[in-house]
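S.K.: Structure incoming, see below.
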Amino acid sequence: DVIPPRLSVSTATGGRGAAILAAGFPPPVSPPCSRTRRRPAPRCSRCGGAPGTRSVFFNQKSCQTGEVAVAEVAVQSRSSRDAAVQTDRSAVPDVQQGACVDESGVLAFLRRVEEVVIKELNKNVTSRAFDGFDVNWTDQNRTVLCLHALSYPEAQDQHLQVTGVSWNATGSVVACSYGRLNDGDWSTEKSYVCTWNLDRRRLDPQRPDLVVDAPSSVMCLAFHPSQPSLIAAGLFSGETVVWDTSKPEDPLIWRTGMTDDTHTDPVYQVHWLPDAKHGNHVQLLSASTDGKILVWREERDGRLMVAEGFALVAQQIPRSAQLKKLVWGEAAVGVTSLSFSHFDPHVFVVGVEGGFSLKCSTAADTPAPCRTGGSVPLRAPAELAFSPHSGPVYSVSCSPFHRNLFLSCGTDGQVHLSSMLQTQPLISLQLSTKYLFCVRWSPVRPLVFAVASGEGDVHLFDFEKSSQKPAVSMKQAVDECPVYCLEFNTKQTQLLAAGDAAGTVKVWQLSSDFTEQRPREMNHLEQLASELTD
Amino acid sequence: MAETEETLKRIQAHKGVVATMVVNAEGIPIRTTLDNSTTVHYAGLLHQLTMKARSTVRDIDPQNDLTFLRIRSKKHEIMVAPDKEYLLIVIQNPSE
């Protein structure tokens, strides 16, 4: 409630009578009324006694604005038209390659400046003038702190865990999916996907902006890379669905349904894939422990149909001399995680239940033997198998700064930094005695990555500071409650979201150390990547 | 024509040089080692900056004139050699 401002002016002249004038401004919608109120009798300023025979009268006035007229009108456009605008590329002035340029003039100019420039170039290479010179353009933030702890109490009451987090294309909305990761049974329990808009002023951490019901446990989540309201999720039942969060009444826009093509095992990773053939169009890709990686295309009635697919079958995994025999025959190799290279759109790395990571290509041709009938023939994408972890791989991540580097982590508590050029990892770090659930490269600092551990910690590693222990460890949950997923925010680079088994998503604000690239970081990264063992 | 190419190649071959370009008095690139859109971007911005730097120098002392402009950033150093009709822009990564 808003307390109306009151302006009161009181003048008291002892003796002649006091007039108290009070002007009040009550809220405009109430009908005008004049109020009289009993005021305490004024006392004589000299002796403090109540005036006896003096006549004192009060006059109260108030003023009120006339009634404000309010009308409600709604507007709805009945017809709409689509129009598109495209700028013409040829407006860019082309580089003139000698056509109408005064050649001799250019030559004379170059002759004049060449010496000076070469002298400066040489001086620069040997100069130590700027060594250690750093400029701070932004306010330096020294601490890592937890900005928000978001949760959905209904899901927490059902003891659901956060299985996936994702930031949307604009970086202001974080979504989390609830489900169960430690449940082996087939379950039909419903779960939720909740979104919070962090830029809203009245952010309530216990009340998500949007809650979407999912028919079964949601295992993974991914926001569309350019449309801020589309979100894709993989379910425990093997289905993949796409919701549009701008339609709160009926958010479901596409689903795969249960057909012969759908995955027969939980979908552990969904990814939006830029379509090479159609320019900006993106397709949806889903990977599941039944060994299939399927690319979906949208059909008209809200259905997703398989456009192309890949299947990982044990006998088609390329072996290297160091790998032992793992699984034989046509057994499917369960895919638990997937990451596309940022440099080559055809190359992706897959982590499997058997513990090894595979380098795959979407351009592969060899067909895969298919056990169940499907509408689209599946191909075998694997090209190279890397040295295994001693347990299933839960997460892989390709570096956004180097074309060959990627990270993988798994149940053996180790993180391997590997290069796609060799099977042995470059660096192996034992970070936890329990499982490691998620690893992600930082989108701004080439040498930084974050790992979510089963002990409830989020570790931030900085290869520039130390290659043995984490630079910062954030305690997300108490009682060894594992942290299952984490994502960096690519638009607001100081934010990191992590979801744990207690059903809470914590949004961490990182210190400036982790948000600004250092001067020689790329060189350091190149050096790390080139330490290949023979 | 061949001599200009040779001179530019000599400059480009120096240690750490990332790109070289020649821009005319209107800010239109004439020779470059980068792709079109990046070149046009650099040319437009650096041409304006060079003109501003020159007017700053001459404003302080009308007898003085700009001879060389260097911009040092976290990742590279941009060197601009100005002239009446052309500009030579060289981008170098000094820490290589």
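Every chain in the structure tokens takes a letter, A first, then B, and so on in the order presented; its residues are numbered from 1, and the ligands are numbered from 1 following the presented order.
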Distance limit 6 Å, atoms considered: only C-alpha atoms. Which chain B residues sit that close to chain A? Return them as a PyMOL selection string.

M.R.: chain B and resi 4+29-30+74+94

S.K.: Run DSSP on the backbone and tell me which residues of chain B come out as strand (DSSP E or B); list them as a PyMOL selection string.

M.R.: chain B and resi 17-24+29-32+69-72+77-82+86-92

S.K.: Quick check for you: according to DSSP on this backbone, which residues of chain B are classed as helix (DSSP H, G or I)? Reply as a VMD selection string.

M.R.: chain B and resid 2 to 12 36 to 60

S.K.: Could you jot down the CA of Gly351 (chain A) to CA of Thr336 (chain A) separation for me, Å, one decimal place?

M.R.: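 Rounded to one decimal, the two atoms are 5.8 Å apart.
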